[in-house]
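Asker: Provided herewith: model_22.cif, mmCIF, C-alpha atoms.
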data_upload
loop_
_atom_site.label_atom_id
_atom_site.label_comp_id
_atom_site.auth_asym_id
_atom_site.auth_seq_id
_atom_site.Cartn_x
_atom_site.Cartn_y
_atom_site.Cartn_z
CA MET A 104 38.53 -105.54 -112.87
CA ALA A 105 40.91 -104.46 -115.63
CA ILE A 106 39.54 -102.45 -118.53
CA ASN A 107 40.42 -105.28 -120.92
CA GLU A 108 38.14 -107.65 -119.03
CA LEU A 109 35.34 -105.08 -119.06
CA LEU A 110 35.69 -104.73 -122.81
CA ARG A 111 36.03 -108.43 -123.64
CA ASP A 112 33.47 -109.74 -121.16
CA LYS A 113 30.39 -111.12 -122.94
CA ASP A 114 28.20 -111.42 -119.84
CA LEU A 115 25.74 -108.54 -119.58
CA THR A 116 23.47 -109.56 -116.70
CA TRP A 117 20.64 -107.24 -117.72
CA LEU A 118 20.42 -108.86 -121.16
CA LYS A 119 19.86 -112.36 -119.78
CA SER A 120 16.50 -114.08 -120.14
CA GLY A 121 14.24 -115.10 -117.28
CA GLY A 122 12.85 -111.77 -116.13
CA THR A 123 9.17 -110.83 -116.05
CA ASP A 124 7.61 -110.95 -119.55
CA SER A 125 11.07 -111.72 -120.93
CA ASP A 126 9.58 -113.28 -124.07
CA VAL A 127 8.87 -109.70 -125.18
CA VAL A 128 10.63 -107.38 -122.73
CA ILE A 129 14.40 -107.70 -122.97
CA ALA A 130 15.37 -105.22 -120.25
CA SER A 131 14.34 -102.21 -118.17
CA ARG A 132 16.44 -99.14 -117.47
CA ILE A 133 16.29 -96.14 -115.14
CA ARG A 134 18.47 -93.09 -115.76
CA LEU A 135 18.77 -90.07 -113.47
CA ALA A 136 20.31 -86.76 -114.56
CA ARG A 137 22.04 -84.73 -111.84
CA ASN A 138 24.28 -81.65 -111.76
CA LEU A 139 26.51 -80.01 -109.19
CA ARG A 140 25.32 -76.67 -107.89
CA GLY A 141 27.41 -73.71 -108.98
CA GLU A 142 29.20 -75.51 -111.82
CA PRO A 143 28.38 -74.89 -115.51
CA PHE A 144 26.73 -77.73 -117.40
CA PRO A 145 29.32 -79.86 -119.27
CA ASN A 146 28.54 -78.30 -122.66
CA ARG A 147 29.43 -74.85 -121.24
CA ALA A 148 32.22 -75.81 -118.85
CA ASP A 149 35.93 -75.36 -119.54
CA PHE A 150 38.50 -78.09 -118.87
CA ASN A 151 39.28 -76.83 -115.37
CA GLN A 152 35.60 -76.90 -114.41
CA LEU A 153 35.12 -80.37 -115.88
CA ALA A 154 38.19 -81.59 -114.02
CA LYS A 155 36.80 -80.13 -110.77
CA VAL A 156 33.54 -82.08 -111.22
CA LEU A 157 35.43 -85.29 -111.97
CA VAL A 158 37.63 -84.94 -108.89
CA ALA A 159 34.52 -84.38 -106.76
CA THR A 160 32.74 -87.47 -108.10
CA ASP A 161 35.89 -89.59 -107.85
CA GLY A 162 35.86 -88.83 -104.14
CA VAL A 163 32.43 -90.43 -103.80
CA LEU A 164 33.34 -93.67 -105.60
CA PRO A 165 34.69 -95.55 -102.53
CA GLU A 166 31.47 -94.78 -100.68
CA LEU A 167 29.43 -96.07 -103.63
CA GLU A 168 31.34 -99.34 -103.65
CA LYS A 169 30.89 -99.74 -99.90
CA SER A 170 27.17 -98.93 -100.03
CA MET A 171 26.41 -101.23 -102.98
CA GLY A 172 28.68 -104.02 -101.74
CA MET A 173 30.44 -104.44 -105.07
CA SER A 174 33.40 -103.06 -106.96
CA PHE A 175 33.18 -100.54 -109.78
CA ASP A 176 35.52 -100.14 -112.73
CA ARG A 177 36.58 -96.53 -113.22
CA VAL A 178 36.76 -95.92 -116.96
CA ASP A 179 38.83 -92.92 -118.07
CA VAL A 180 37.27 -92.18 -121.46
CA GLU A 181 40.18 -90.02 -122.61
CA ARG A 182 42.60 -92.94 -122.28
CA LEU A 183 40.52 -95.34 -124.38
CA SER A 184 41.03 -95.96 -128.07
CA THR A 185 38.21 -95.22 -130.52
CA VAL A 186 37.39 -98.94 -130.77
CA GLN A 187 37.35 -99.34 -126.98
CA ARG A 188 34.95 -96.43 -126.62
CA GLU A 189 32.69 -97.93 -129.25
CA VAL A 190 32.63 -101.28 -127.43
CA LEU A 191 31.30 -99.62 -124.28
CA ILE A 192 28.68 -97.82 -126.36
CA GLU A 193 27.67 -101.13 -127.96
CA LYS A 194 27.29 -102.58 -124.46
CA GLN A 195 25.05 -99.64 -123.49
CA LEU A 196 27.44 -98.77 -120.66
CA ILE A 197 28.26 -95.29 -121.97
CA THR A 198 26.76 -93.00 -124.62
CA GLU A 199 28.04 -91.31 -127.75
CA ASN A 200 27.65 -87.96 -125.96
CA LEU A 201 30.28 -89.02 -123.43
CA VAL A 202 32.94 -89.69 -126.07
CA LYS A 203 32.38 -86.68 -128.36
CA ASN A 204 34.76 -84.64 -126.22
CA PRO A 205 36.54 -87.23 -124.05
CA GLN A 206 38.64 -84.88 -121.94
CA HIS A 207 37.77 -85.17 -118.22
CA ARG A 208 34.99 -87.68 -118.98
CA ALA A 209 34.67 -90.92 -117.05
CA ALA A 210 32.28 -93.71 -116.15
CA TYR A 211 31.92 -95.98 -113.13
CA VAL A 212 30.69 -99.43 -114.15
CA SER A 213 29.57 -101.96 -111.55
CA TYR A 214 30.97 -105.48 -111.40
CA ASP A 215 27.63 -106.97 -112.55
CA ARG A 216 27.34 -104.42 -115.42
CA CYS A 217 23.88 -103.33 -114.22
CA ILE A 218 25.05 -99.89 -113.06
CA SER A 219 26.87 -97.24 -115.04
CA ILE A 220 27.45 -93.71 -113.76
CA MET A 221 28.68 -91.31 -116.43
CA VAL A 222 30.55 -88.15 -115.42
CA ASN A 223 30.42 -84.99 -117.55
CA GLU A 224 28.13 -86.39 -120.21
CA GLU A 225 25.24 -84.02 -121.08
CA ASP A 226 24.88 -83.53 -117.33
CA HIS A 227 27.55 -83.78 -114.63
CA LEU A 228 26.14 -87.14 -113.57
CA ARG A 229 24.06 -89.69 -115.41
CA ILE A 230 23.12 -92.58 -113.11
CA GLN A 231 22.02 -95.55 -115.21
CA CYS A 232 20.68 -98.84 -113.81
CA TRP A 233 19.47 -101.92 -115.70
CA ALA A 234 17.44 -105.04 -114.92
CA PRO A 235 16.36 -107.96 -117.15
CA GLY A 236 12.73 -108.23 -118.26
CA LEU A 237 9.94 -105.85 -117.24
CA ASN A 238 11.24 -104.70 -113.87
CA LEU A 239 11.48 -100.94 -113.47
CA ASP A 240 11.18 -101.10 -109.68
CA LEU A 241 14.57 -102.75 -109.11
CA PRO A 242 16.67 -100.30 -111.15
CA MET A 243 14.63 -97.42 -109.71
CA SER A 244 15.41 -98.60 -106.20
CA THR A 245 19.10 -98.98 -107.06
CA ALA A 246 19.27 -95.57 -108.75
CA SER A 247 17.53 -93.93 -105.76
CA THR A 248 20.03 -95.50 -103.35
CA LEU A 249 22.93 -94.22 -105.44
CA ASP A 250 21.29 -90.79 -105.80
CA ASP A 251 20.74 -90.45 -102.04
CA LEU A 252 24.35 -91.33 -101.34
CA ILE A 253 25.67 -88.90 -103.95
CA GLU A 254 23.42 -86.11 -102.64
CA SER A 255 24.71 -86.71 -99.12
CA LYS A 256 28.27 -86.09 -100.37
CA LEU A 257 27.84 -83.49 -103.14
CA ASP A 258 25.78 -80.31 -103.48
CA ILE A 259 23.29 -81.17 -106.22
CA ALA A 260 21.50 -78.44 -108.19
CA PHE A 261 17.83 -78.44 -107.14
CA ASP A 262 15.12 -75.80 -107.30
CA GLU A 263 11.98 -75.92 -105.13
CA LYS A 264 9.73 -75.08 -108.11
CA MET A 265 11.60 -76.64 -111.03
CA GLY A 266 13.02 -79.71 -109.32
CA TYR A 267 16.40 -81.06 -110.43
CA LEU A 268 18.14 -78.70 -112.85
CA THR A 269 19.36 -80.34 -116.04
CA SER A 270 21.05 -79.26 -119.26
CA CYS A 271 18.08 -80.40 -121.36
CA PRO A 272 14.66 -78.87 -120.50
CA THR A 273 12.87 -82.19 -121.11
CA ASN A 274 14.73 -83.68 -118.14
CA LEU A 275 13.78 -80.90 -115.70
CA GLY A 276 11.91 -81.95 -112.59
CA THR A 277 12.64 -85.52 -111.62
CA GLY A 278 15.57 -85.82 -114.04
CA LEU A 279 14.20 -89.31 -114.66
CA ARG A 280 14.28 -91.21 -117.91
CA ALA A 281 12.70 -94.64 -117.62
CA SER A 282 12.89 -96.96 -120.61
CA VAL A 283 12.14 -100.51 -121.62
CA LEU A 284 13.76 -102.53 -124.41
CA LEU A 285 11.24 -104.62 -126.37
CA HIS A 286 11.55 -107.38 -128.96
CA LEU A 287 8.54 -106.96 -131.28
CA PRO A 288 8.84 -109.33 -134.26
CA GLY A 289 5.11 -110.10 -134.23
CA LEU A 290 4.12 -106.45 -134.61
CA VAL A 291 6.84 -105.86 -137.20
CA PHE A 292 5.88 -108.89 -139.34
CA THR A 293 2.15 -108.03 -139.16
CA ARG A 294 2.97 -104.38 -139.95
CA ASN A 295 1.31 -103.06 -136.79
CA VAL A 296 4.33 -101.57 -135.05
CA GLY A 297 3.74 -98.22 -136.78
CA SER A 298 0.50 -97.65 -134.89
CA ILE A 299 2.34 -98.18 -131.58
CA ILE A 300 4.96 -95.60 -132.56
CA ASN A 301 2.36 -93.08 -133.74
CA ILE A 302 0.17 -93.21 -130.65
CA SER A 303 3.00 -93.12 -128.08
CA PRO A 304 3.45 -89.28 -128.02
CA GLN A 305 -0.18 -88.92 -126.93
CA LEU A 306 0.71 -91.02 -123.88
CA GLY A 307 3.76 -88.91 -123.07
CA LEU A 308 6.07 -91.65 -124.38
CA ALA A 309 8.59 -92.07 -127.18
CA VAL A 310 9.20 -95.25 -129.14
CA ARG A 311 12.23 -95.68 -131.37
CA ALA A 312 13.98 -98.53 -133.12
CA LEU A 313 17.16 -99.42 -131.23
CA TYR A 314 18.93 -100.22 -134.51
CA GLY A 315 17.92 -98.90 -137.90
CA ASP A 316 14.83 -96.70 -137.97
CA ALA A 317 11.04 -96.89 -137.75
CA LYS A 318 10.75 -97.75 -141.46
CA GLU A 319 13.41 -100.45 -141.28
CA PRO A 320 14.00 -101.59 -137.69
CA ILE A 321 16.93 -104.00 -137.56
CA GLY A 322 16.38 -106.98 -135.28
CA CYS A 323 12.85 -105.85 -134.26
CA LEU A 324 14.24 -104.14 -131.14
CA PHE A 325 12.50 -101.02 -129.83
CA GLN A 326 13.04 -98.74 -126.87
CA ILE A 327 10.06 -97.04 -125.23
CA SER A 328 10.64 -94.26 -122.69
CA ASN A 329 8.97 -91.32 -120.98
CA GLN A 330 9.22 -88.01 -122.84
CA LEU A 331 8.49 -85.54 -120.04
CA THR A 332 9.61 -85.27 -116.43
CA LEU A 333 8.49 -81.82 -115.24
CA GLY A 334 5.19 -81.80 -113.32
CA PHE A 335 5.11 -85.54 -112.69
CA SER A 336 6.37 -87.65 -109.82
CA GLU A 337 8.77 -90.53 -110.41
CA GLU A 338 6.00 -92.97 -109.45
CA GLU A 339 3.59 -91.47 -112.01
CA LEU A 340 6.14 -91.64 -114.81
CA ILE A 341 7.05 -95.23 -114.07
CA GLU A 342 3.44 -96.39 -113.71
CA ASN A 343 2.52 -94.73 -117.01
CA LEU A 344 5.36 -96.52 -118.75
CA LYS A 345 4.51 -99.86 -117.12
CA SER A 346 0.90 -99.55 -118.24
CA ALA A 347 1.88 -98.79 -121.83
CA VAL A 348 4.44 -101.60 -121.97
CA THR A 349 1.94 -104.11 -120.56
CA GLU A 350 -0.46 -103.15 -123.36
CA ILE A 351 2.24 -103.45 -126.01
CA VAL A 352 3.25 -106.88 -124.67
CA ALA A 353 -0.36 -108.02 -125.02
CA HIS A 354 -0.50 -106.74 -128.64
CA GLU A 355 2.80 -108.45 -129.46
CA ARG A 356 1.64 -111.78 -128.05
CA ARG A 357 -1.59 -111.58 -130.04
CA ALA A 358 0.40 -110.88 -133.19
CA ARG A 359 2.65 -113.87 -132.51
CA LYS A 360 -0.37 -116.07 -131.88
CA ALA A 361 -1.88 -114.98 -135.19
CA LEU A 362 1.36 -115.75 -137.02
CA ALA A 363 1.58 -119.18 -135.41
CA LEU A 364 -2.05 -119.90 -136.30
CA TYR A 365 -2.40 -118.54 -139.83
CA ARG A 366 1.19 -118.75 -141.12
CA LYS A 367 2.45 -121.73 -139.15
CA GLU A 368 4.44 -123.48 -141.88
CA GLN A 369 5.94 -120.27 -143.21
CA LEU A 370 6.86 -119.14 -139.70
CA GLU A 371 8.48 -122.47 -138.82
CA ASP A 372 10.39 -122.44 -142.09
CA GLU A 373 11.72 -118.91 -141.52
CA VAL A 374 12.67 -119.67 -137.92
CA TRP A 375 14.54 -122.87 -138.78
CA ARG A 376 16.23 -121.35 -141.85
CA ALA A 377 17.46 -118.56 -139.58
CA TYR A 378 18.72 -121.06 -137.01
CA GLY A 379 20.45 -123.14 -139.69
CA THR A 380 22.19 -120.11 -141.15
CA LEU A 381 23.45 -118.91 -137.77
CA ALA A 382 24.56 -122.42 -136.85
CA TYR A 383 26.53 -123.11 -140.04
CA ALA A 384 27.34 -119.85 -141.84
CA ARG A 385 31.00 -118.95 -142.27
CA LEU A 386 30.38 -115.29 -143.08
CA LEU A 387 27.74 -113.11 -141.42
CA SER A 388 27.15 -109.37 -141.73
CA GLU A 389 25.95 -107.38 -138.73
CA LYS A 390 22.51 -106.67 -140.18
CA GLU A 391 21.98 -110.25 -141.34
CA THR A 392 22.98 -111.62 -137.94
CA MET A 393 20.54 -109.39 -136.10
CA GLU A 394 17.67 -110.17 -138.47
CA LEU A 395 18.28 -113.92 -138.22
CA LEU A 396 18.77 -113.71 -134.44
CA SER A 397 15.38 -112.01 -134.08
CA LYS A 398 13.70 -114.93 -135.84
CA VAL A 399 15.59 -117.48 -133.75
CA ARG A 400 14.61 -115.71 -130.53
CA LEU A 401 10.99 -115.70 -131.71
CA GLY A 402 11.26 -119.42 -132.41
CA ILE A 403 12.66 -120.06 -128.93
CA ASP A 404 9.95 -118.00 -127.24
CA LEU A 405 7.20 -119.74 -129.24
CA LYS A 406 8.82 -123.11 -128.39
CA LEU A 407 9.38 -123.89 -132.05
CA ILE A 408 13.08 -124.29 -131.25
CA SER A 409 14.12 -126.21 -128.17
CA GLU A 410 17.73 -127.00 -129.14
CA VAL A 411 19.14 -123.85 -127.46
CA THR A 412 18.19 -121.63 -124.54
CA ALA A 413 17.15 -118.00 -124.84
CA ASP A 414 20.44 -116.91 -123.25
CA CYS A 415 22.16 -117.41 -126.60
CA TYR A 416 20.40 -114.20 -127.64
CA ALA A 417 22.50 -111.94 -125.41
CA ASP A 418 25.79 -113.52 -126.52
CA ILE A 419 24.98 -113.31 -130.23
CA LEU A 420 23.59 -109.78 -129.98
CA LEU A 421 26.89 -108.63 -128.53
CA ALA A 422 28.96 -110.76 -130.92
CA SER A 423 27.18 -109.13 -133.87
CA ARG A 424 28.72 -105.74 -133.09
CA LYS A 425 31.67 -104.57 -135.15
CA SER A 426 33.78 -102.84 -132.51
CA TYR A 427 33.35 -105.66 -130.00
CA LEU A 428 34.80 -108.06 -132.57
CA GLN A 429 37.64 -105.70 -133.51
CA ASN A 430 38.58 -105.41 -129.85
CA LEU A 431 38.52 -109.19 -129.40
CA ALA A 432 40.84 -109.57 -132.37
CA GLU A 433 42.98 -106.64 -131.16
CA ASN A 434 42.85 -105.28 -134.68
CA ALA A 435 41.06 -102.01 -135.46
CA ASN A 436 41.88 -102.39 -139.16
CA MET A 437 40.14 -105.68 -139.87
CA SER A 438 38.62 -106.05 -143.32
CA LYS A 439 34.88 -106.54 -143.64
CA ASN A 440 35.48 -110.15 -144.64
CA GLU A 441 37.58 -110.77 -141.53
CA ILE A 442 34.92 -109.22 -139.29
CA ASP A 443 32.15 -111.23 -140.95
CA ARG A 444 34.18 -114.43 -140.50
CA LEU A 445 34.82 -113.77 -136.81
CA ARG A 446 31.17 -112.81 -136.26
CA ALA A 447 30.03 -116.12 -137.78
CA ARG A 448 32.50 -118.07 -135.63
CA LYS A 449 31.38 -116.34 -132.42
CA THR A 450 27.74 -116.90 -133.35
CA ARG A 451 28.29 -120.62 -133.92
CA GLN A 452 30.12 -120.84 -130.61
CA ALA A 453 27.30 -119.06 -128.75
CA LEU A 454 24.75 -121.56 -130.08
CA LEU A 455 26.99 -124.42 -128.93
CA ASP A 456 27.52 -122.83 -125.52
CA HIS A 457 23.78 -122.59 -124.94
CA ARG A 458 22.74 -125.86 -126.53
CA VAL A 459 20.26 -127.89 -124.51
CA SER A 460 21.71 -131.24 -123.45
CA ALA A 461 20.09 -134.54 -124.43
CA GLU A 462 18.88 -134.98 -120.84
CA GLU A 463 17.20 -131.57 -120.84
CA HIS A 464 15.78 -131.83 -124.35
CA PRO A 465 12.04 -132.64 -124.33
#
Kindly present the structure from the file in structure tokens form.
Answerer:
Amino acid sequence: MAINELLRDKDLTWLKSGGTDSDVVIASRIRLARNLRGEPFPNRADFNQLAKVLVATDGVLPELEKSMGMSFDRVDVERLSTVQREVLIEKQLITENLVKNPQHRAAYVSYDRCISIMVNEEDHLRIQCWAPGLNLDLPMSTASTLDDLIESKLDIAFDEKMGYLTSCPTNLGTGLRASVLLHLPGLVFTRNVGSIINISPQLGLAVRALYGDAKEPIGCLFQISNQLTLGFSEEELIENLKSAVTEIVAHERRARKALALYRKEQLEDEVWRAYGTLAYARLLSEKETMELLSKVRLGIDLKLISEVTADCYADILLASRKSYLQNLAENANMSKNEIDRLRARKTRQALLDHRVSAEEHP
């Protein structure tokens, strides 16, 4: 698939609704950090050493495609424009670390967008796999398959006592970072999300707002992940995260139930005002879109809104992002007003695309 299609494509499979606990859990991700034995970590390597790593990993790509039964797009970060790089960051397919020094950096992105392998990021290889809803087992299985294949072709740095050697000490051992993306409007509106954030380090976990910060989370989206890897097995880390997420989901649902019971009219009013604004606004800022979208998604999940399906969420979340819109318009110098106008138009279109037909409407 051409890079332009990868950039313009609005379908991110892992963001779609329908997974386990998808009313609260948006997606699950597994990331493995791996390095080639005998080569300096990317932050200490020169261009020749980085190029050597990239050539070695490029040689494995055909085997990856054959093993996974799907094609991968090879993304040469150095050849992308600033806007194009930002689009891939917005889509969670690459990281800001990968584009800081783009020379001899690349990513392999699967056809379904659920796999992204970054080369010469903080480590030589970052294997990243996604799945919708609360489902860490599927991306873990996929990442393990990819890891086994890569290890059969490349000499990976591993120590019998320390485990996998990584550039960051917190990744030593399994090299595993498991994370779950949560939509927590109930806990945000009832002002209880702070207690979740504060207690997470005691459980060996980290919770952060995906956009904004803990004091002002934009869109009520939070990512929870394991903090440590050394001294624990992959199974232990994943089970610990699953247990914590299951508890948070229960707290979020109780908070939503309380809102629906004690603030029913106010909640319905806010949800429908948000829907009306998204459906008819001609100018929308990024922050406003995400805040309104959070309320609409809450309304859909609580069955207060039945006019559209939950899959509008993924389309609008992506359409809210500045660089994605600039790339669609093929204009990196758009004014704020032009971006806000295009964002509003794409949002209206997404609601129309996912509108429930008269036959389906209850």
Asker: Nearest to Ala210 of chain A: which of A:Val178, A:Leu139, A:Ile321, A:Leu268 is it, counting all atoms listed in the file?
Answerer: A:Val178
Asker: As a check of understanding, name the residues that the PyMOL selection byres ((chain A and resi 128) around 7) selects in the supplied structure, as a PyMOL selection string.
Answerer: chain A and resi 124-127+129-130+236-237+284-286
Asker: Give as a list in words every residue, naming chains and numbers as the document does, that has an atom within 7 Å of (21.8, -100.7, -101.7), counting only C-alpha atoms.
Answerer: Ser170, Met171, Thr245 and Thr248 of chain A
Asker: Report the distance between atom CA of Val348 of chain A and atom CA of Asn329 of chain A in Å, rounded to one decimal place.
Answerer: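 About the pair atom CA of Val348 of chain A and atom CA of Asn329 of chain A: they are 11.3 Å apart.
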Asker: Run the PyMOL selection byres ((chain A and resi 161) around 12) against the file shown and list the residues it catches, as an NGL selection string.
Answerer: :A and (154-160 or 162-168 or 175-179 or 207-211 or 220-222 or 228 or 253 or 256-257)
Asker: What are the centre and the three edge lengths of an axis-aligned box that wraps all atoms of segment 108-115 of chain A in the file, given that 4 Å is added to every side, written as AutoDock Vina command-line options and rounded to one decimal in Å?
Answerer:
--center_x 31.9 --center_y -108.1 --center_z -121.3 --size_x 20.4 --size_y 14.7 --size_z 12.6
Asker: Would you translate the PyMOL selection byres ((chain A and resi 447-457) around 7) into the concrete set of residues it matches in this file, as number ranges by chain?
Answerer: A: 381-387, 411-412, 414-415, 418-419, 422, 443-446, 458-459
Asker: Neighbourhood query: residues within 10 Å of (15.7, -116.6, -142.9), file coordinates, counting all atoms listed in the file; return as a ChimeraX atom specification.
Answerer: /A:370,372-381,391,394-399
Asker: Just the selected residues (C-alpha atoms), exported as a PDB file, in the coordinates of the input, please.
Answerer:
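Ended up saving to part_25.pdb:
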ATOM      1  CA  LEU A 370       6.860-119.140-139.700  1.00  0.00           C
ATOM      2  CA  ASP A 372      10.390-122.440-142.090  1.00  0.00           C
ATOM      3  CA  GLU A 373      11.720-118.910-141.520  1.00  0.00           C
ATOM      4  CA  VAL A 374      12.670-119.670-137.920  1.00  0.00           C
ATOM      5  CA  TRP A 375      14.540-122.870-138.780  1.00  0.00           C
ATOM      6  CA  ARG A 376      16.230-121.350-141.850  1.00  0.00           C
ATOM      7  CA  ALA A 377      17.460-118.560-139.580  1.00  0.00           C
ATOM      8  CA  TYR A 378      18.720-121.060-137.010  1.00  0.00           C
ATOM      9  CA  GLY A 379      20.450-123.140-139.690  1.00  0.00           C
ATOM     10  CA  THR A 380      22.190-120.110-141.150  1.00  0.00           C
ATOM     11  CA  LEU A 381      23.450-118.910-137.770  1.00  0.00           C
ATOM     12  CA  GLU A 391      21.980-110.250-141.340  1.00  0.00           C
ATOM     13  CA  GLU A 394      17.670-110.170-138.470  1.00  0.00           C
ATOM     14  CA  LEU A 395      18.280-113.920-138.220  1.00  0.00           C
ATOM     15  CA  LEU A 396      18.770-113.710-134.440  1.00  0.00           C
ATOM     16  CA  SER A 397      15.380-112.010-134.080  1.00  0.00           C
ATOM     17  CA  LYS A 398      13.700-114.930-135.840  1.00  0.00           C
ATOM     18  CA  VAL A 399      15.590-117.480-133.750  1.00  0.00           C
TER      19      VAL A 399
END
Asker: How far is it from atom CA of Asp316 of chain A to atom CA of Ile300 of chain A, in Å with one decimal?
Answerer: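 Atom-to-atom, atom CA of Asp316 of chain A and atom CA of Ile300 of chain A are spaced 11.3 Å apart.
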Asker: Between A:Thr392, A:Gln326, A:Asn151, A:Asn436, which is the closest to Leu420 of chain A once you count only C-alpha atoms?
Answerer: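 Closest to Leu420 of chain A, using only C-alpha atoms: A:Thr392.
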Asker: Can you work out the spacing between atom CA of Leu252 of chain A and atom CA of Ile327 of chain A in Å, to one decimal?
Answerer: 28.4 Å
Asker: So which residues touch Glu389 of chain A within 7 Å, counting all atoms listed in the file, skipping near sequence neighbours fewer than 4 positions away, as a list in words?
Answerer: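 Skipping anything fewer than 4 positions along the chain leaves Met393, Ser423 and Arg424 of chain A.
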Asker: Calculated over only C-alpha atoms, which of the candidates A:Asn204, A:Gln429, A:Glu410, A:His227 has the smallest distance to Gly141 of chain A?
Answerer: A:His227
Asker: Find the residue from A:Val190, A:Leu135, A:Leu249, A:Ile230 that sits nearest to Lys169 of chain A; use all atoms listed in the file when measuring.
Answerer: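 Counting all atoms listed in the file, the residue closest to Lys169 of chain A is A:Leu249.
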Asker: Pick out the closest residue to Met173 of chain A from this set: A:Arg216, A:Lys113, A:Arg357, A:Arg188. Count all atoms listed in the file.
Answerer: A:Arg216
Asker: Residues at most 12 Å from Gln206 of chain A, counting only C-alpha atoms, excluding those fewer than 4 positions away in the same chain, as a list in words?
Answerer: Pro145, Ala148, Asp149, Phe150, Asn151, Gln152, Leu153, Ala154, Leu157, Asp179, Val180, Glu181, Arg182, Leu183, Leu201, Val202, Val222, Asn223 and Glu224 of chain A
Asker: Emit the selected residues as a PDB file, keeping the file's coordinate frame, including C-alpha atoms.
Answerer:
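Done, and the output landed in selection_29.pdb:
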ATOM      1  CA  PRO A 145      29.320 -79.860-119.270  1.00  0.00           C
ATOM      2  CA  ALA A 148      32.220 -75.810-118.850  1.00  0.00           C
ATOM      3  CA  ASP A 149      35.930 -75.360-119.540  1.00  0.00           C
ATOM      4  CA  PHE A 150      38.500 -78.090-118.870  1.00  0.00           C
ATOM      5  CA  ASN A 151      39.280 -76.830-115.370  1.00  0.00           C
ATOM      6  CA  GLN A 152      35.600 -76.900-114.410  1.00  0.00           C
ATOM      7  CA  LEU A 153      35.120 -80.370-115.880  1.00  0.00           C
ATOM      8  CA  ALA A 154      38.190 -81.590-114.020  1.00  0.00           C
ATOM      9  CA  LEU A 157      35.430 -85.290-111.970  1.00  0.00           C
ATOM     10  CA  ASP A 179      38.830 -92.920-118.070  1.00  0.00           C
ATOM     11  CA  VAL A 180      37.270 -92.180-121.460  1.00  0.00           C
ATOM     12  CA  GLU A 181      40.180 -90.020-122.610  1.00  0.00           C
ATOM     13  CA  ARG A 182      42.600 -92.940-122.280  1.00  0.00           C
ATOM     14  CA  LEU A 183      40.520 -95.340-124.380  1.00  0.00           C
ATOM     15  CA  LEU A 201      30.280 -89.020-123.430  1.00  0.00           C
ATOM     16  CA  VAL A 202      32.940 -89.690-126.070  1.00  0.00           C
ATOM     17  CA  VAL A 222      30.550 -88.150-115.420  1.00  0.00           C
ATOM     18  CA  ASN A 223      30.420 -84.990-117.550  1.00  0.00           C
ATOM     19  CA  GLU A 224      28.130 -86.390-120.210  1.00  0.00           C
TER      20      GLU A 224
END
Asker: May I have the residues within 9 Å of Tyr314 of chain A as JSON, numbers by chain, using only C-alpha atoms and disregarding those fewer than 4 positions away in the same chain?
Answerer: {"A": [319, 320, 321, 322, 323, 324, 325]}
Asker: Asn274 of chain A: which residues within 8 Å, counting only C-alpha atoms, same-chain residues fewer than 4 positions away excluded, as a ChimeraX atom specification?
Answerer: /A:136,269-270,278-280,331-333
